[in-house]
Amino acid sequence: MSFRSVLHRLEESILAVLLCAMTVLTFSQVVMRYGFNAGWLWALEANFYLFGWLVLLGISYGVRVKAHIGVDAMVRLLPAPAQRAVGLLVVALCVLYTCLMLYGAYVYIARLRIMGVEAEDIPVERWVLSLCLPIGFALLLYRLLEMAWRIATGKSSGYELADEAHDAIRDVGGDANPDGTAVSR
């Protein structure tokens with residue numbers, strides 16, 4: 001099994017566990033609160049950190065499965081070499097942003113670690129709970145560099161986004177290559 005496939009499975013498994021944990025924790029908290037007038041003090045903060053992990057790991061997952069949306073109507077009108085150039089520019093800007101955020105996350109975690117501050121309701125230091133920041137941005141950087149490589153080697157025509165219109169037409173009409181002229185009734 002290759003590194004990429006192990007990383008893919010690990011990423012998907014962690015996201016599934018995080019989503020499941022958030023759902024179970026929220027459901028049990030609601031049942032306890034409204035059914036028994038009780039609850040856990042730490043549940044809200046735990047959900048906060050679980051959600052942070054879910055979002056920051058989910059960003060890179062969205063890049064991998066091309067689930068992020070964007071407006072690329074103008075770019076698609078350009079010839080293929082120009083589409084690739086724009087795609088590389090977009091990825092370069094995303095890499096710059098990700099590197100800035102990765103650096104900021106490193107500084108933030110380092111300061112939290114020095115201060116030794118614990119979470120409000122969970123007996124764990126906040127820097128441990130906030131490790132989702134550098135991990136998530138490092139994983140996003142990896143995914144963006146993968147995309148840049150695909151564009152540079154010609155395996156992709158540009159920054160890959162979700163194409164909801166194309167998917168919807170294909171799903172409804174059964175046409176694998178819709179061109180806008182086919183009408184399905």
# chains A, B, ... in the order shown; residues from 1 in each chain; ligands from 1

$ residues_around --residues "stretch 6-15 of chain A" --least-positions-apart "3" --cutoff "10 Å" --atoms "only C-alpha atoms" --output "VMD selection string"
chain A and resid 1 to 3 18 to 21 50 53 to 55 57 to 58 60 to 61 64 139

$ write_last_selection --atoms "C-alpha atoms" --output "PDB file, in the first residue's frame"
ATOM      1  CA  MET A   1       0.000   0.000   0.000  1.00  0.00           C
ATOM      2  CA  SER A   2       1.475   3.356  -1.019  1.00  0.00           C
ATOM      3  CA  PHE A   3       1.965   6.383   1.207  1.00  0.00           C
ATOM      4  CA  LEU A  18     -14.657  13.257  14.211  1.00  0.00           C
ATOM      5  CA  LEU A  19     -18.090  13.640  12.625  1.00  0.00           C
ATOM      6  CA  CYS A  20     -19.395  10.597  14.487  1.00  0.00           C
ATOM      7  CA  ALA A  21     -17.987  11.812  17.809  1.00  0.00           C
ATOM      8  CA  LEU A  50     -13.779  18.481  17.377  1.00  0.00           C
ATOM      9  CA  TRP A  53     -10.281  19.451  13.698  1.00  0.00           C
ATOM     10  CA  LEU A  54     -13.063  18.487  11.275  1.00  0.00           C
ATOM     11  CA  VAL A  55     -12.878  21.786   9.389  1.00  0.00           C
ATOM     12  CA  LEU A  57      -8.660  18.439   8.055  1.00  0.00           C
ATOM     13  CA  GLY A  58     -11.698  18.750   5.797  1.00  0.00           C
ATOM     14  CA  SER A  60      -7.394  19.448   2.502  1.00  0.00           C
ATOM     15  CA  TYR A  61      -9.851  16.614   1.901  1.00  0.00           C
ATOM     16  CA  ARG A  64      -8.153  16.191  -2.798  1.00  0.00           C
ATOM     17  CA  LEU A 139      -1.898  18.651   4.898  1.00  0.00           C
TER      18      LEU A 139
END

$ closest_atom_pairs --of "stretch 6-43 of chain A" --to "stretch 115-122 of chain A" --cutoff "12 Å" --atoms "only C-alpha atoms" --output "CSV"
residue,atom,partner,partner_atom,distance
A:Trp40,CA,A:Asp121,CA,9.6
A:Leu41,CA,A:Asp121,CA,6.6
A:Trp42,CA,A:Asp121,CA,4.9
A:Ala43,CA,A:Asp121,CA,8.4

$ atom_distance --atom1 "atom CA of A:Ile151" --atom2 "atom CA of A:Arg84"
6.2 Å

$ select_by_dssp --residues "stretch 8-180 of chain A" --states "helix (DSSP H, G or I)" --output "PDB file with C-alpha atoms, in the first residue's frame"
ATOM      1  CA  HIS A   8      -6.151   8.958   2.041  1.00  0.00           C
ATOM      2  CA  ARG A   9      -7.618   6.209   4.201  1.00  0.00           C
ATOM      3  CA  LEU A  10      -6.280   7.751   7.408  1.00  0.00           C
ATOM      4  CA  GLU A  11      -7.669  11.150   6.466  1.00  0.00           C
ATOM      5  CA  GLU A  12     -11.107   9.754   5.628  1.00  0.00           C
ATOM      6  CA  SER A  13     -11.177   7.624   8.784  1.00  0.00           C
ATOM      7  CA  ILE A  14     -10.256  10.540  11.029  1.00  0.00           C
ATOM      8  CA  LEU A  15     -12.914  12.739   9.416  1.00  0.00           C
ATOM      9  CA  ALA A  16     -15.528  10.019   9.886  1.00  0.00           C
ATOM     10  CA  VAL A  17     -14.564   9.504  13.541  1.00  0.00           C
ATOM     11  CA  LEU A  18     -14.657  13.257  14.211  1.00  0.00           C
ATOM     12  CA  LEU A  19     -18.090  13.640  12.625  1.00  0.00           C
ATOM     13  CA  CYS A  20     -19.395  10.597  14.487  1.00  0.00           C
ATOM     14  CA  ALA A  21     -17.987  11.812  17.809  1.00  0.00           C
ATOM     15  CA  MET A  22     -19.557  15.246  17.341  1.00  0.00           C
ATOM     16  CA  THR A  23     -22.918  13.715  16.477  1.00  0.00           C
ATOM     17  CA  VAL A  24     -22.935  11.284  19.405  1.00  0.00           C
ATOM     18  CA  LEU A  25     -21.736  13.931  21.857  1.00  0.00           C
ATOM     19  CA  THR A  26     -24.326  16.481  20.727  1.00  0.00           C
ATOM     20  CA  PHE A  27     -27.156  13.934  20.691  1.00  0.00           C
ATOM     21  CA  SER A  28     -26.292  12.601  24.160  1.00  0.00           C
ATOM     22  CA  GLN A  29     -25.977  16.133  25.507  1.00  0.00           C
ATOM     23  CA  VAL A  30     -29.428  17.046  24.156  1.00  0.00           C
ATOM     24  CA  VAL A  31     -30.987  13.881  25.608  1.00  0.00           C
ATOM     25  CA  MET A  32     -29.348  14.462  28.983  1.00  0.00           C
ATOM     26  CA  ARG A  33     -30.233  18.146  29.050  1.00  0.00           C
ATOM     27  CA  TYR A  34     -33.886  17.868  28.046  1.00  0.00           C
ATOM     28  CA  GLY A  35     -34.584  14.369  29.290  1.00  0.00           C
ATOM     29  CA  PHE A  36     -32.793  14.376  32.640  1.00  0.00           C
ATOM     30  CA  ALA A  43     -19.333  18.829  26.016  1.00  0.00           C
ATOM     31  CA  LEU A  44     -19.615  22.247  24.361  1.00  0.00           C
ATOM     32  CA  GLU A  45     -15.875  22.853  24.445  1.00  0.00           C
ATOM     33  CA  ALA A  46     -15.183  19.319  23.235  1.00  0.00           C
ATOM     34  CA  ASN A  47     -17.518  19.893  20.286  1.00  0.00           C
ATOM     35  CA  PHE A  48     -15.741  23.180  19.581  1.00  0.00           C
ATOM     36  CA  TYR A  49     -12.361  21.455  19.278  1.00  0.00           C
ATOM     37  CA  LEU A  50     -13.779  18.481  17.377  1.00  0.00           C
ATOM     38  CA  PHE A  51     -15.336  20.883  14.892  1.00  0.00           C
ATOM     39  CA  GLY A  52     -12.020  22.715  14.515  1.00  0.00           C
ATOM     40  CA  TRP A  53     -10.281  19.451  13.698  1.00  0.00           C
ATOM     41  CA  LEU A  54     -13.063  18.487  11.275  1.00  0.00           C
ATOM     42  CA  VAL A  55     -12.878  21.786   9.389  1.00  0.00           C
ATOM     43  CA  LEU A  56      -9.108  22.031   9.198  1.00  0.00           C
ATOM     44  CA  LEU A  57      -8.660  18.439   8.055  1.00  0.00           C
ATOM     45  CA  GLY A  58     -11.698  18.750   5.797  1.00  0.00           C
ATOM     46  CA  ILE A  59     -10.156  21.644   3.862  1.00  0.00           C
ATOM     47  CA  SER A  60      -7.394  19.448   2.502  1.00  0.00           C
ATOM     48  CA  TYR A  61      -9.851  16.614   1.901  1.00  0.00           C
ATOM     49  CA  GLY A  62     -11.969  19.012  -0.173  1.00  0.00           C
ATOM     50  CA  VAL A  63      -8.939  19.885  -2.296  1.00  0.00           C
ATOM     51  CA  ARG A  64      -8.153  16.191  -2.798  1.00  0.00           C
ATOM     52  CA  ALA A  73     -16.248  30.621 -16.235  1.00  0.00           C
ATOM     53  CA  MET A  74     -13.710  33.143 -17.556  1.00  0.00           C
ATOM     54  CA  VAL A  75     -10.783  30.768 -17.128  1.00  0.00           C
ATOM     55  CA  ARG A  76     -12.557  28.043 -19.125  1.00  0.00           C
ATOM     56  CA  ALA A  80      -5.384  25.281 -22.536  1.00  0.00           C
ATOM     57  CA  PRO A  81      -1.894  26.745 -21.907  1.00  0.00           C
ATOM     58  CA  ALA A  82      -3.415  29.902 -20.415  1.00  0.00           C
ATOM     59  CA  GLN A  83      -5.753  27.787 -18.249  1.00  0.00           C
ATOM     60  CA  ARG A  84      -2.726  25.938 -16.890  1.00  0.00           C
ATOM     61  CA  ALA A  85      -0.893  29.222 -16.250  1.00  0.00           C
ATOM     62  CA  VAL A  86      -3.861  30.651 -14.372  1.00  0.00           C
ATOM     63  CA  GLY A  87      -4.190  27.377 -12.473  1.00  0.00           C
ATOM     64  CA  LEU A  88      -0.538  27.520 -11.427  1.00  0.00           C
ATOM     65  CA  LEU A  89      -0.955  31.152 -10.359  1.00  0.00           C
ATOM     66  CA  VAL A  90      -4.018  30.277  -8.283  1.00  0.00           C
ATOM     67  CA  VAL A  91      -2.239  27.338  -6.661  1.00  0.00           C
ATOM     68  CA  ALA A  92       0.815  29.540  -5.979  1.00  0.00           C
ATOM     69  CA  LEU A  93      -1.390  32.101  -4.218  1.00  0.00           C
ATOM     70  CA  CYS A  94      -3.083  29.337  -2.224  1.00  0.00           C
ATOM     71  CA  VAL A  95       0.336  27.931  -1.264  1.00  0.00           C
ATOM     72  CA  LEU A  96       1.449  31.400  -0.135  1.00  0.00           C
ATOM     73  CA  TYR A  97      -1.678  31.784   2.004  1.00  0.00           C
ATOM     74  CA  THR A  98      -1.262  28.277   3.416  1.00  0.00           C
ATOM     75  CA  CYS A  99       2.391  28.928   4.288  1.00  0.00           C
ATOM     76  CA  LEU A 100       1.438  32.135   6.087  1.00  0.00           C
ATOM     77  CA  MET A 101      -1.253  30.296   8.034  1.00  0.00           C
ATOM     78  CA  LEU A 102       1.121  27.409   8.775  1.00  0.00           C
ATOM     79  CA  TYR A 103       3.689  29.838  10.156  1.00  0.00           C
ATOM     80  CA  GLY A 104       1.023  31.603  12.230  1.00  0.00           C
ATOM     81  CA  ALA A 105      -0.212  28.256  13.541  1.00  0.00           C
ATOM     82  CA  TYR A 106       3.338  27.296  14.529  1.00  0.00           C
ATOM     83  CA  VAL A 107       3.824  30.576  16.420  1.00  0.00           C
ATOM     84  CA  TYR A 108       0.427  30.240  18.109  1.00  0.00           C
ATOM     85  CA  ILE A 109       1.061  26.643  19.217  1.00  0.00           C
ATOM     86  CA  ALA A 110       4.553  27.543  20.450  1.00  0.00           C
ATOM     87  CA  ARG A 111       3.166  30.377  22.595  1.00  0.00           C
ATOM     88  CA  LEU A 112       0.356  28.234  23.963  1.00  0.00           C
ATOM     89  CA  ARG A 113       2.892  25.560  24.842  1.00  0.00           C
ATOM     90  CA  ILE A 114       5.138  28.028  26.654  1.00  0.00           C
ATOM     91  CA  MET A 115       2.209  29.433  28.631  1.00  0.00           C
ATOM     92  CA  ARG A 126      -4.810  24.010  24.769  1.00  0.00           C
ATOM     93  CA  TRP A 127      -1.779  23.605  22.536  1.00  0.00           C
ATOM     94  CA  VAL A 128      -2.539  19.884  22.247  1.00  0.00           C
ATOM     95  CA  LEU A 129      -6.164  20.548  21.341  1.00  0.00           C
ATOM     96  CA  CYS A 132      -5.293  20.836  14.221  1.00  0.00           C
ATOM     97  CA  LEU A 133      -3.997  24.188  12.969  1.00  0.00           C
ATOM     98  CA  PRO A 134      -0.484  23.179  11.877  1.00  0.00           C
ATOM     99  CA  ILE A 135      -1.542  19.646  10.943  1.00  0.00           C
ATOM    100  CA  GLY A 136      -4.467  20.853   8.832  1.00  0.00           C
ATOM    101  CA  PHE A 137      -2.457  23.524   7.040  1.00  0.00           C
ATOM    102  CA  ALA A 138       0.481  21.160   6.464  1.00  0.00           C
ATOM    103  CA  LEU A 139      -1.898  18.651   4.898  1.00  0.00           C
ATOM    104  CA  LEU A 140      -3.463  21.410   2.800  1.00  0.00           C
ATOM    105  CA  LEU A 141       0.010  22.459   1.632  1.00  0.00           C
ATOM    106  CA  TYR A 142       0.713  18.869   0.597  1.00  0.00           C
ATOM    107  CA  ARG A 143      -2.557  18.681  -1.363  1.00  0.00           C
ATOM    108  CA  LEU A 144      -1.894  22.012  -3.086  1.00  0.00           C
ATOM    109  CA  LEU A 145       1.611  20.932  -4.078  1.00  0.00           C
ATOM    110  CA  GLU A 146       0.111  17.724  -5.483  1.00  0.00           C
ATOM    111  CA  MET A 147      -2.304  19.813  -7.531  1.00  0.00           C
ATOM    112  CA  ALA A 148       0.516  22.096  -8.732  1.00  0.00           C
ATOM    113  CA  TRP A 149       2.445  19.044  -9.866  1.00  0.00           C
ATOM    114  CA  ARG A 150      -0.580  17.722 -11.780  1.00  0.00           C
ATOM    115  CA  ILE A 151      -0.986  21.097 -13.513  1.00  0.00           C
ATOM    116  CA  ALA A 152       2.739  21.442 -14.277  1.00  0.00           C
ATOM    117  CA  GLU A 164     -21.938  21.050  -9.841  1.00  0.00           C
ATOM    118  CA  ALA A 165     -23.708  22.051 -13.043  1.00  0.00           C
ATOM    119  CA  HIS A 166     -21.886  19.387 -15.053  1.00  0.00           C
ATOM    120  CA  ASP A 167     -22.609  16.774 -12.377  1.00  0.00           C
ATOM    121  CA  ALA A 168     -26.295  17.705 -12.176  1.00  0.00           C
ATOM    122  CA  ILE A 169     -26.770  17.541 -15.940  1.00  0.00           C
ATOM    123  CA  ARG A 170     -24.970  14.202 -16.080  1.00  0.00           C
ATOM    124  CA  ASP A 171     -27.049  12.798 -13.211  1.00  0.00           C
ATOM    125  CA  VAL A 172     -30.376  13.942 -14.650  1.00  0.00           C
ATOM    126  CA  GLY A 173     -29.754  13.357 -18.326  1.00  0.00           C
TER     127      GLY A 173
END

$ atom_distance --atom1 "atom CA of A:Leu161" --atom2 "atom CA of A:His68"
5.5 Å
